[in-house]
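> Contents of final_21.cif (mmCIF, C-alpha atoms) are below:
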data_structure
loop_
_atom_site.label_atom_id
_atom_site.label_comp_id
_atom_site.auth_asym_id
_atom_site.auth_seq_id
_atom_site.Cartn_x
_atom_site.Cartn_y
_atom_site.Cartn_z
CA MET A 4 30.87 -23.67 25.95
CA THR A 5 29.42 -20.16 25.93
CA SER A 6 29.99 -18.11 29.04
CA ALA A 7 27.09 -16.66 31.05
CA PRO A 8 25.81 -13.33 29.70
CA THR A 9 27.40 -10.29 31.27
CA ALA A 10 25.59 -7.10 32.19
CA SER A 11 24.59 -4.55 29.60
CA LEU A 12 27.48 -2.74 27.94
CA ALA A 13 25.27 0.19 26.89
CA THR A 14 27.06 3.48 27.49
CA ALA A 15 25.16 6.39 25.91
CA GLN A 16 22.52 7.57 23.45
CA ARG A 17 23.65 8.94 20.08
CA SER A 18 21.75 11.22 17.75
CA LEU A 19 21.06 9.97 14.25
CA GLY A 20 20.51 13.57 13.18
CA ASP A 21 24.07 14.47 14.24
CA PRO A 22 26.13 11.32 14.95
CA GLY A 23 28.67 13.38 16.85
CA ARG A 24 26.10 14.41 19.45
CA ARG A 25 25.72 12.11 22.46
CA TYR A 26 23.52 12.00 25.54
CA PRO A 27 23.77 10.03 28.79
CA LEU A 28 22.16 6.59 28.78
CA TRP A 29 19.55 7.76 31.30
CA PRO A 30 16.90 8.97 30.97
CA PRO A 31 15.88 7.25 27.71
CA LEU A 32 14.90 9.79 25.06
CA THR A 33 11.40 9.16 23.71
CA SER A 34 10.81 12.10 21.34
CA GLY A 35 13.88 12.01 19.15
CA CYS A 36 17.05 14.05 19.40
CA PRO A 37 16.25 17.31 21.26
CA ALA A 38 19.07 19.22 19.58
CA THR A 39 18.66 18.34 15.90
CA SER A 40 14.92 17.70 15.58
CA THR A 41 12.69 20.32 13.94
CA GLU A 42 8.96 20.71 13.43
CA GLU A 43 9.37 18.96 10.07
CA VAL A 44 11.66 16.08 11.08
CA SER A 45 12.24 14.41 14.43
CA TYR A 46 15.56 12.58 14.31
CA PRO A 47 15.77 9.44 16.47
CA VAL A 48 18.57 8.40 18.77
CA GLU A 49 20.22 5.01 19.20
CA VAL A 50 22.05 3.30 22.05
CA GLU A 51 25.84 2.99 21.96
CA TYR A 52 27.87 0.18 23.55
CA ALA A 53 31.39 -0.59 24.71
CA TYR A 54 31.98 -2.92 21.78
CA ASP A 55 35.56 -3.59 22.81
CA GLN A 56 34.24 -5.37 25.92
CA VAL A 57 31.72 -7.68 24.19
CA PRO A 58 32.48 -11.34 25.07
CA ALA A 59 34.22 -13.03 22.15
CA ASP A 60 31.94 -16.08 22.34
CA ILE A 61 28.61 -14.30 22.54
CA PHE A 62 27.52 -15.52 19.09
CA ASP A 63 28.92 -19.05 19.37
CA ALA A 64 25.80 -20.91 20.53
CA ARG A 65 22.42 -21.13 18.82
CA PRO A 66 19.82 -19.02 20.61
CA GLY A 67 17.04 -20.81 22.46
CA ARG A 68 13.71 -19.68 23.88
CA GLY A 69 15.11 -18.21 27.06
CA GLY A 70 14.37 -14.58 26.22
CA LEU A 71 16.66 -11.72 25.23
CA ASP A 72 19.00 -12.21 28.21
CA ARG A 73 21.30 -14.25 26.00
CA TRP A 74 22.25 -11.00 24.23
CA ALA A 75 22.34 -8.82 27.38
CA PRO A 76 25.76 -7.22 26.70
CA LEU A 77 24.47 -5.77 23.42
CA LEU A 78 21.12 -4.55 24.80
CA PRO A 79 20.05 -1.81 27.20
CA PRO A 80 19.77 -2.97 30.84
CA LEU A 81 17.11 -5.72 31.01
CA THR A 82 15.65 -4.98 34.43
CA ALA A 83 12.14 -6.21 33.62
CA PRO A 84 11.41 -9.94 33.80
CA GLY A 85 11.05 -11.63 30.44
CA LEU A 86 8.34 -13.82 28.97
CA GLY A 87 10.49 -16.09 26.81
CA GLU A 88 10.54 -13.61 23.93
CA GLY A 89 12.69 -14.25 20.87
CA GLY A 90 14.08 -17.54 19.60
CA THR A 91 11.45 -17.67 16.84
CA PRO A 92 11.85 -20.19 14.01
CA LEU A 93 13.02 -19.78 10.45
CA VAL A 94 10.59 -21.74 8.29
CA GLU A 95 11.72 -22.68 4.78
CA LEU A 96 8.82 -21.82 2.48
CA GLU A 97 10.59 -23.07 -0.63
CA PRO A 98 14.26 -23.62 -1.50
CA GLY A 99 16.12 -20.43 -0.62
CA VAL A 100 13.08 -18.58 0.80
CA PHE A 101 12.69 -18.48 4.58
CA VAL A 102 10.04 -16.95 6.82
CA LYS A 103 11.12 -15.58 10.22
CA ASP A 104 7.89 -16.30 12.10
CA GLU A 105 7.58 -13.67 14.84
CA SER A 106 4.08 -14.85 15.73
CA ARG A 107 5.77 -17.40 18.04
CA ASN A 108 6.59 -14.67 20.57
CA PRO A 109 4.67 -14.55 23.91
CA THR A 110 1.99 -12.11 22.67
CA TRP A 111 2.21 -13.39 19.11
CA SER A 112 4.21 -10.51 17.61
CA HIS A 113 7.68 -9.03 17.14
CA LYS A 114 6.77 -6.21 19.54
CA ASP A 115 7.73 -8.43 22.48
CA ARG A 116 11.39 -7.90 21.65
CA LEU A 117 10.89 -4.13 21.84
CA ASN A 118 8.80 -4.12 25.01
CA ARG A 119 11.21 -6.26 27.01
CA CYS A 120 13.57 -3.29 26.56
CA THR A 121 11.11 -0.42 26.98
CA VAL A 122 9.40 -1.79 30.09
CA SER A 123 12.88 -2.39 31.51
CA ALA A 124 13.51 1.32 30.94
CA ALA A 125 10.31 2.17 32.81
CA LEU A 126 11.51 0.17 35.80
CA GLY A 127 14.92 1.80 35.51
CA THR A 128 13.40 5.28 35.75
CA GLY A 129 11.18 4.34 38.70
CA ALA A 130 7.94 5.04 36.82
CA PRO A 131 4.72 3.57 38.26
CA GLY A 132 3.65 2.38 34.82
CA VAL A 133 3.78 2.88 31.08
CA VAL A 134 1.66 4.64 28.47
CA VAL A 135 1.53 3.59 24.83
CA ALA A 136 -0.36 4.80 21.76
CA SER A 137 -1.27 1.72 19.74
CA SER A 138 -4.25 -0.01 18.19
CA GLY A 139 -2.43 -3.28 17.67
CA ASN A 140 0.50 -5.44 18.60
CA HIS A 141 2.52 -2.79 20.42
CA GLY A 142 -0.20 -2.04 22.95
CA ALA A 143 -0.92 -5.71 23.65
CA SER A 144 2.76 -6.45 24.12
CA ALA A 145 3.38 -3.43 26.34
CA ALA A 146 0.42 -4.43 28.51
CA ALA A 147 1.77 -7.96 28.92
CA PHE A 148 5.30 -6.92 29.87
CA ALA A 149 4.01 -4.20 32.19
CA ALA A 150 1.80 -6.74 33.94
CA ARG A 151 4.74 -9.11 34.25
CA ALA A 152 6.79 -6.31 35.84
CA GLY A 153 4.00 -5.24 38.20
CA LEU A 154 3.43 -1.89 36.46
CA ARG A 155 0.23 -0.17 35.34
CA CYS A 156 -0.33 0.25 31.63
CA VAL A 157 -2.45 2.82 29.77
CA VAL A 158 -3.11 2.13 26.09
CA LEU A 159 -4.47 4.79 23.73
CA THR A 160 -6.10 2.85 20.93
CA GLY A 161 -7.98 3.95 17.85
CA THR A 162 -11.71 4.33 18.18
CA ALA A 163 -12.30 0.76 16.92
CA PRO A 164 -9.34 -1.53 17.76
CA PRO A 165 -9.41 -5.12 16.45
CA PRO A 166 -11.47 -7.32 18.82
CA ALA A 167 -8.58 -9.70 19.55
CA VAL A 168 -6.31 -6.82 20.54
CA ASP A 169 -9.05 -5.29 22.69
CA ALA A 170 -9.44 -8.63 24.50
CA PHE A 171 -5.66 -8.87 24.94
CA LEU A 172 -5.47 -5.47 26.58
CA HIS A 173 -8.19 -6.17 29.09
CA ALA A 174 -6.78 -9.61 29.90
CA TYR A 175 -3.55 -7.95 31.02
CA GLY A 176 -5.39 -5.37 33.12
CA ALA A 177 -4.54 -2.38 30.93
CA VAL A 178 -6.51 0.86 31.07
CA VAL A 179 -7.85 1.27 27.53
CA LEU A 180 -8.61 4.74 26.15
CA PRO A 181 -10.08 4.78 22.61
CA VAL A 182 -9.11 8.14 21.07
CA PRO A 183 -9.27 9.75 17.62
CA VAL A 184 -5.92 9.55 15.84
CA GLU A 185 -5.36 13.32 15.97
CA ALA A 186 -5.61 13.22 19.77
CA ARG A 187 -3.16 10.34 20.19
CA TRP A 188 0.12 12.20 20.60
CA PRO A 189 -1.10 15.20 22.63
CA LEU A 190 -2.87 12.91 25.09
CA THR A 191 0.11 10.53 25.33
CA ARG A 192 2.43 13.40 26.24
CA ARG A 193 0.00 14.84 28.76
CA ILE A 194 -0.74 11.52 30.44
CA ALA A 195 2.99 10.80 30.72
CA GLY A 196 3.58 14.19 32.32
CA ARG A 197 0.63 14.27 34.72
CA PHE A 198 0.61 10.65 35.88
CA GLY A 199 4.36 10.01 35.75
CA LEU A 200 3.95 7.12 33.29
CA HIS A 201 6.87 6.16 31.09
CA PRO A 202 6.03 6.49 27.36
CA VAL A 203 7.01 3.32 25.49
CA SER A 204 5.87 4.43 22.03
CA ASN A 205 6.67 7.43 19.90
CA GLN A 206 5.39 10.80 21.09
CA THR A 207 5.56 12.35 17.62
CA PRO A 208 3.66 11.38 14.44
CA GLN A 209 6.94 10.90 12.56
CA ALA A 210 8.71 7.68 11.72
CA HIS A 211 11.13 5.93 14.08
CA THR A 212 11.18 8.53 16.83
CA GLY A 213 9.93 6.18 19.50
CA HIS A 214 11.69 4.88 22.57
CA ALA A 215 15.48 5.01 22.33
CA PHE A 216 15.78 1.54 23.92
CA GLY A 217 13.00 -0.12 21.92
CA ALA A 218 14.57 -0.71 18.52
CA GLU A 219 17.57 -2.28 20.24
CA GLY A 220 15.42 -5.32 20.98
CA TYR A 221 14.84 -5.83 17.27
CA LYS A 222 18.57 -6.35 16.70
CA THR A 223 18.12 -9.85 18.05
CA VAL A 224 16.14 -10.80 14.92
CA ALA A 225 19.38 -10.33 12.97
CA TYR A 226 21.40 -12.26 15.54
CA GLU A 227 19.00 -15.21 15.30
CA ILE A 228 18.87 -15.22 11.49
CA HIS A 229 22.66 -15.25 11.39
CA ALA A 230 22.86 -18.08 13.94
CA GLU A 231 20.76 -20.35 11.71
CA LEU A 232 21.47 -19.13 8.19
CA GLY A 233 24.56 -16.95 8.21
CA VAL A 234 24.13 -13.68 6.32
CA PRO A 235 21.26 -14.01 3.81
CA ALA A 236 21.28 -12.17 0.50
CA ALA A 237 18.28 -10.06 1.51
CA VAL A 238 15.75 -9.57 4.29
CA TYR A 239 12.24 -8.34 3.47
CA VAL A 240 10.77 -6.34 6.36
CA PRO A 241 7.17 -5.10 6.83
CA THR A 242 7.67 -1.39 7.48
CA GLY A 243 5.49 1.24 9.11
CA TYR A 244 7.46 3.52 11.43
CA GLY A 245 10.72 1.79 10.49
CA GLU A 246 11.94 0.70 13.94
CA LEU A 247 12.04 -3.00 13.02
CA LEU A 248 13.88 -2.18 9.80
CA PHE A 249 16.41 -0.07 11.70
CA GLY A 250 16.90 -2.66 14.41
CA ILE A 251 17.51 -5.56 12.02
CA HIS A 252 20.00 -3.49 10.06
CA LYS A 253 21.83 -2.47 13.24
CA GLY A 254 22.02 -6.09 14.35
CA PHE A 255 23.70 -7.18 11.13
CA ALA A 256 25.95 -4.09 11.21
CA GLU A 257 27.08 -5.05 14.72
CA LEU A 258 27.87 -8.59 13.58
CA ARG A 259 30.14 -7.08 10.94
CA ARG A 260 31.63 -4.54 13.36
CA LEU A 261 32.52 -7.32 15.80
CA GLY A 262 34.20 -9.37 13.07
CA VAL A 263 31.61 -12.15 13.07
CA THR A 264 30.68 -11.48 9.42
CA ASP A 265 32.17 -9.46 6.60
CA ARG A 266 28.95 -8.09 5.10
CA VAL A 267 25.34 -7.15 5.77
CA PRO A 268 22.34 -8.31 3.71
CA ARG A 269 20.23 -6.03 1.60
CA LEU A 270 17.24 -4.88 3.59
CA ILE A 271 14.02 -4.37 1.63
CA ALA A 272 11.39 -2.19 3.31
CA CYS A 273 7.89 -3.39 2.37
CA GLU A 274 5.31 -0.61 2.74
CA PRO A 275 1.61 -0.21 1.92
CA ALA A 276 1.14 1.20 -1.56
CA THR A 277 -1.46 3.61 -0.15
CA GLY A 278 1.25 5.49 1.77
CA GLY A 279 4.90 4.58 1.54
CA PRO A 280 6.75 7.46 3.27
CA LEU A 281 10.09 5.64 3.16
CA ALA A 282 9.74 5.00 -0.56
CA ALA A 283 8.91 8.68 -1.05
CA ALA A 284 11.94 9.77 0.99
CA LEU A 285 14.25 7.50 -1.02
CA ARG A 286 12.86 8.85 -4.30
CA GLN A 287 13.39 12.43 -3.17
CA GLY A 288 16.74 11.86 -1.48
CA LEU A 289 15.40 13.18 1.84
CA PRO A 290 15.85 11.96 5.43
CA ALA A 291 12.05 11.78 5.75
CA ALA A 292 8.95 12.55 3.73
CA TRP A 293 5.31 13.29 4.53
CA VAL A 294 2.73 11.43 2.47
CA GLU A 295 -1.07 11.36 2.51
CA ALA A 296 -1.77 7.79 3.64
CA GLY A 297 -4.80 6.22 2.05
CA PRO A 298 -6.87 3.42 3.57
CA THR A 299 -5.29 -0.03 3.87
CA ASP A 300 -6.40 -3.23 5.55
CA ALA A 301 -2.78 -3.79 6.64
CA TYR A 302 -3.43 -1.49 9.60
CA GLY A 303 -0.35 -2.61 11.52
CA ILE A 304 2.00 -0.82 9.11
CA GLY A 305 -0.34 1.84 7.70
CA GLY A 306 1.15 5.03 7.71
CA GLY A 307 18.76 -0.46 1.01
CA ARG A 308 15.19 -0.27 -0.95
CA SER A 309 11.52 0.08 -0.53
CA VAL A 310 8.82 -1.99 -2.21
CA LEU A 311 5.23 -0.77 -2.25
CA VAL A 312 2.66 -3.51 -1.68
CA THR A 313 -1.08 -3.36 -2.38
CA ASP A 314 -3.69 -4.95 -0.14
CA GLU A 315 -4.37 -7.49 -2.89
CA GLN A 316 -0.70 -8.53 -2.99
CA ALA A 317 -0.66 -8.77 0.80
CA ARG A 318 -3.75 -10.98 0.80
CA ALA A 319 -2.18 -13.27 -1.80
CA ALA A 320 0.93 -13.58 0.39
CA GLN A 321 -1.22 -14.17 3.46
CA ALA A 322 -2.99 -16.99 1.63
CA GLU A 323 0.35 -18.45 0.52
CA LEU A 324 1.59 -18.48 4.11
CA GLY A 325 -1.66 -20.13 5.18
CA ARG A 326 -1.14 -22.93 2.67
CA ALA A 327 2.27 -23.46 4.26
CA GLY A 328 0.76 -23.72 7.74
CA LEU A 329 1.54 -20.16 8.86
CA TRP A 330 -1.37 -17.90 9.86
CA ALA A 331 -0.13 -14.33 9.53
CA GLU A 332 -1.80 -11.00 10.12
CA LEU A 333 -2.28 -9.15 6.83
CA SER A 334 0.38 -6.56 7.66
CA ALA A 335 2.72 -9.38 8.70
CA ALA A 336 2.41 -10.96 5.24
CA VAL A 337 3.70 -7.81 3.54
CA GLY A 338 7.31 -9.07 3.78
CA LEU A 339 6.53 -12.07 1.59
CA ALA A 340 4.33 -9.89 -0.64
CA GLY A 341 7.34 -7.60 -1.18
CA LEU A 342 9.42 -10.55 -2.33
CA ARG A 343 6.72 -11.72 -4.72
CA ALA A 344 6.22 -8.18 -6.07
CA ALA A 345 9.91 -7.64 -6.91
CA PRO A 346 12.27 -9.71 -9.08
CA ARG A 347 14.53 -12.00 -7.08
CA GLU A 348 17.15 -12.74 -9.74
CA GLU A 349 19.44 -10.03 -8.39
CA PHE A 350 20.09 -11.98 -5.17
CA ASP A 351 22.73 -14.67 -4.98
CA GLY A 352 21.76 -16.64 -1.92
CA PRO A 353 18.84 -17.23 0.45
CA VAL A 354 16.34 -14.53 1.37
CA VAL A 355 14.32 -14.07 4.56
CA CYS A 356 10.83 -12.59 4.83
CA VAL A 357 9.95 -11.39 8.31
CA SER A 358 6.36 -12.22 9.33
CA THR A 359 5.60 -10.02 12.30
CA SER A 360 2.39 -11.27 13.94
CA ALA A 361 -0.42 -13.81 14.06
CA GLY A 362 -3.50 -13.71 11.85
CA PHE A 363 -6.12 -13.69 14.58
CA LYS A 364 -5.21 -10.05 15.32
CA ASP A 365 -6.65 -8.81 12.05
CA ARG A 366 -9.70 -6.59 12.13
CA GLY A 367 -13.06 -8.32 12.48
CA PRO A 368 -16.60 -7.66 13.68
CA VAL A 369 -16.88 -5.86 17.00
CA ARG A 370 -18.07 -8.13 19.83
CA GLY A 371 -19.04 -7.09 23.33
CA PRO A 372 -19.16 -3.65 24.96
CA ARG A 373 -16.55 -1.03 24.13
CA GLU A 374 -15.49 2.03 26.05
CA ALA A 375 -16.74 5.31 24.60
CA PRO A 376 -14.01 7.22 22.71
CA VAL A 377 -12.39 10.21 24.39
CA ALA A 378 -10.67 13.13 22.70
CA GLU A 379 -10.37 15.82 25.37
CA TRP A 380 -7.97 15.91 28.31
CA GLU A 381 -10.58 16.14 31.08
CA ALA A 382 -12.45 13.08 29.83
CA ALA A 383 -9.21 11.10 29.60
CA ARG A 384 -8.12 12.31 33.05
CA ALA A 385 -11.45 11.28 34.60
CA ARG A 386 -11.20 7.79 33.07
CA LEU A 387 -7.66 7.34 34.41
CA LEU A 388 -8.52 8.57 37.90
CA ALA A 389 -11.52 6.23 37.95
CA ALA A 390 -9.15 3.36 37.12
CA GLY A 391 -7.09 4.14 40.20
CA LEU A 392 -4.13 5.99 38.66
CA GLN A 393 -2.70 8.85 40.69
CA GLU A 394 -1.46 12.23 39.49
#
Give the structure from the file, written as structure tokens.

Amino acid sequence: MTSAPTASLATAQRSLGDPGRRYPLWPPLTSGCPATSTEEVSYPVEVEYAYDQVPADIFDARPGRGGLDRWAPLLPPLTAPGLGEGGTPLVELEPGVFVKDESRNPTWSHKDRLNRCTVSAALGTGAPGVVVASSGNHGASAAAFAARAGLRCVVLTGTAPPPAVDAFLHAYGAVVLPVPVEARWPLTRRIAGRFGLHPVSNQTPQAHTGHAFGAEGYKTVAYEIHAELGVPAAVYVPTGYGELLFGIHKGFAELRRLGVTDRVPRLIACEPATGGPLAAALRQGLPAAWVEAGPTDAYGIGGGRSVLVTDEQARAAQAELGRAGLWAELSAAVGLAGLRAAPREEFDGPVVCVSTSAGFKDRGPVRGPREAPVAEWEAARARLLAAGLQE
């Protein structure tokens, strides 16, 4: 029998720019490592744990649908109430090919794992609410978990968010501010500072420099895959900012560190062919690379190994998932598209394609009234004050 989960064993935050540099666990860092980051590259931080105190039987039982609390020792403090996130199924698409269907989460995306952790951080800092820059799954998820925790939520979307996401946000009582993309980060930082809101998304335009606690929630994808399948030969991951990719890798690395496994799978980052910053960085041997991102219908990820996937390949994978009874958002189908675009003969064993969200969140025709976009501080401030937020 597995013992009851203990409290979080998180101890500190560690720079990925300089692994020898550590910071206290509180407050969570949301703009990367302050010591090693430059104007060109913002290095993220990760959470460290007292691994020598992790219960020996923590991985003995199969995870259920009870939320992330089952893994509490290996996560930041989970002070926010959960919504039954995690515990998503592995669906066998064909012999040896599995789909980790993250659309079964409470707001139909993998972001629920992240926001259980980030909204917990907001409660831990005593913030009256959260602010997030997102036109998709992240904003909807943050709004849901904030509502569950009794916190306000401000979401900076693009000027034309998908209708389903727009409906999600208003259903949870979020304050929605449509803004041009170039205004997203300056307004997020200013809103956080003036209204005391806790930022739960990245405050820089660079990859994986978001909330220090957030990617920790994604580790549980690896824990769950291992519980059902062991260590697969490879995991194909839809990749935009790279937090999901990082989190899954860290989860498997922790399983090895704790002696549960003796290896980690190959992780394949699947990026839009119109951008592909990770692929560019790997080609150039750099920690990060700037690319000019072209238009892609896989808006959720616009912007080991990296596979570049075209919209046509993503649509073919989306259709294949549909024939198997899985309705995936276009960007969610990129994991399977990456598998189909690359030869599989090199892998000896099963592979897993992560499908991140449900298909009804894709872009569609605009229905109903929309708020007018704002780009300047005073207009944003007036909208927030009118919604009852206090400076």
> On this structure, which residues satisfy the PyMOL selection byres ((chain A and resi 254) around 9), written as a ChimeraX atom specification?
/A:219,221-226,249-253,255-259
> Emit the selected residues as a PDB file, in the frame of the given file, including C-alpha atoms.

ATOM      1  CA  GLU A 219      17.570  -2.280  20.240  1.00  0.00           C
ATOM      2  CA  TYR A 221      14.840  -5.830  17.270  1.00  0.00           C
ATOM      3  CA  LYS A 222      18.570  -6.350  16.700  1.00  0.00           C
ATOM      4  CA  THR A 223      18.120  -9.850  18.050  1.00  0.00           C
ATOM      5  CA  VAL A 224      16.140 -10.800  14.920  1.00  0.00           C
ATOM      6  CA  ALA A 225      19.380 -10.330  12.970  1.00  0.00           C
ATOM      7  CA  TYR A 226      21.400 -12.260  15.540  1.00  0.00           C
ATOM      8  CA  PHE A 249      16.410  -0.070  11.700  1.00  0.00           C
ATOM      9  CA  GLY A 250      16.900  -2.660  14.410  1.00  0.00           C
ATOM     10  CA  ILE A 251      17.510  -5.560  12.020  1.00  0.00           C
ATOM     11  CA  HIS A 252      20.000  -3.490  10.060  1.00  0.00           C
ATOM     12  CA  LYS A 253      21.830  -2.470  13.240  1.00  0.00           C
ATOM     13  CA  PHE A 255      23.700  -7.180  11.130  1.00  0.00           C
ATOM     14  CA  ALA A 256      25.950  -4.090  11.210  1.00  0.00           C
ATOM     15  CA  GLU A 257      27.080  -5.050  14.720  1.00  0.00           C
ATOM     16  CA  LEU A 258      27.870  -8.590  13.580  1.00  0.00           C
ATOM     17  CA  ARG A 259      30.140  -7.080  10.940  1.00  0.00           C
TER      18      ARG A 259
END
> What does the structure give for the distance between CA of Ala237 in chain A and CA of Tyr54 in chain A, in Å to one decimal?
25.5 Å
> Expressed in Å to a single decimal, how great is the separation between CA of Val50 in chain A and CA of Ala15 in chain A?
5.8 Å
> Name the residues that the PyMOL selection byres ((chain A and resi 16-22) around 12) pulls out of this structure, and write them as a PyMOL selection string.
chain A and resi 13-15+23-41+44-52+79+211-212+214-216+219+249+290-291
> When the PyMOL selection byres ((chain A and resi 151) around 8) is applied to the file above, which residues end up in the set, as a list in words?
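Selected by the PyMOL selection byres ((chain A and resi 151) around 8) in this file: Ala83, Pro84, Gly85, Leu86, Ala147, Phe148, Ala149, Ala150, Ala152, Gly153 and Leu154 of chain A.
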> Neighbouring residues of Ser138 in chain A were defined as those with any atom within 7 Å, considering all atoms listed in the file; residues of the same chain fewer than 4 positions away were excluded. Please report them as a ChimeraX atom specification.
/A:142,160-161,164
> Give me, please, the distance in Å between CA of Val203 in chain A and CA of Ala146 in chain A, quoted to one decimal.
10.6 Å
> Counting only C-alpha atoms, which residue out of A:Leu200, A:Ala382, A:Leu96, A:Leu270 sits closest to Val234 in chain A?
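Nearest candidate to Val234 in chain A out of A:Leu200, A:Ala382, A:Leu96, A:Leu270: A:Leu270.
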> Please provide as a list of chain:residue names all residues within 10 Å of Asp55 in chain A, with the sequence filter that same-chain residues fewer than 3 positions apart are discarded (counting all atoms listed in the file).
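Non-adjacent residues within range: A:Leu12, A:Tyr52, A:Pro58, A:Ala59, A:Leu261.
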> The selected residues should be written to file as a compact mmCIF listing (two decimals), keeping the file's coordinate frame (atoms: C-alpha atoms).

# COMPACT_ATOMS: atom_id res chain seq x y z
CA LEU A 12 27.48 -2.74 27.94
CA TYR A 52 27.87 0.18 23.55
CA PRO A 58 32.48 -11.34 25.07
CA ALA A 59 34.22 -13.03 22.15
CA LEU A 261 32.52 -7.32 15.80
> What's around Lys364 in chain A at 9 Å? Count all atoms listed in the file, leave out sequence neighbours fewer than 5 positions away in its own chain, and write the answer as a PyMOL selection string.
chain A and resi 111+139-140+165-168+331-332
> With all atoms listed in the file as the counted atoms, please give the residues lying no more than 7 Å from Val377 in chain A, apart from itself and same-chain residues fewer than 4 positions off, as a ChimeraX atom specification.
/A:180-182,382-383
> Starting from the structure just given, write a file holding range 169-174 of chain A with all heavy atoms, as a compact mmCIF listing (two decimals), in the first residue's frame.

# COMPACT_ATOMS: atom_id res chain seq x y z
N ASP A 169 -12.11 32.39 -25.97
CA ASP A 169 -12.74 33.62 -25.49
C ASP A 169 -13.93 33.30 -24.59
O ASP A 169 -14.12 33.91 -23.53
CB ASP A 169 -13.19 34.46 -26.70
CG ASP A 169 -13.65 35.85 -26.31
OD1 ASP A 169 -12.84 36.62 -25.77
OD2 ASP A 169 -14.83 36.16 -26.53
N ALA A 170 -14.73 32.30 -24.98
CA ALA A 170 -15.87 31.90 -24.16
C ALA A 170 -15.41 31.30 -22.84
O ALA A 170 -16.00 31.56 -21.79
CB ALA A 170 -16.72 30.89 -24.93
N PHE A 171 -14.36 30.50 -22.88
CA PHE A 171 -13.78 29.93 -21.66
C PHE A 171 -13.44 31.03 -20.67
O PHE A 171 -13.79 30.97 -19.49
CB PHE A 171 -12.47 29.21 -22.02
CG PHE A 171 -12.56 27.72 -21.96
CD1 PHE A 171 -12.19 26.97 -23.06
CD2 PHE A 171 -12.95 27.06 -20.81
CE1 PHE A 171 -12.23 25.58 -23.02
CE2 PHE A 171 -13.00 25.68 -20.76
CZ PHE A 171 -12.64 24.93 -21.87
N LEU A 172 -12.71 32.02 -21.13
CA LEU A 172 -12.20 33.07 -20.25
C LEU A 172 -13.34 33.80 -19.55
O LEU A 172 -13.28 34.06 -18.35
CB LEU A 172 -11.34 34.04 -21.05
CG LEU A 172 -10.08 33.46 -21.69
CD1 LEU A 172 -9.39 34.50 -22.55
CD2 LEU A 172 -9.13 32.95 -20.62
N HIS A 173 -14.37 34.13 -20.31
CA HIS A 173 -15.48 34.85 -19.71
C HIS A 173 -16.30 33.96 -18.77
O HIS A 173 -16.84 34.42 -17.76
CB HIS A 173 -16.37 35.45 -20.79
CG HIS A 173 -15.76 36.64 -21.47
ND1 HIS A 173 -14.98 36.52 -22.61
CD2 HIS A 173 -15.78 37.96 -21.15
CE1 HIS A 173 -14.56 37.73 -22.97
NE2 HIS A 173 -15.03 38.61 -22.10
N ALA A 174 -16.37 32.67 -19.07
CA ALA A 174 -17.09 31.76 -18.19
C ALA A 174 -16.46 31.70 -16.80
O ALA A 174 -17.16 31.54 -15.79
CB ALA A 174 -17.13 30.36 -18.80
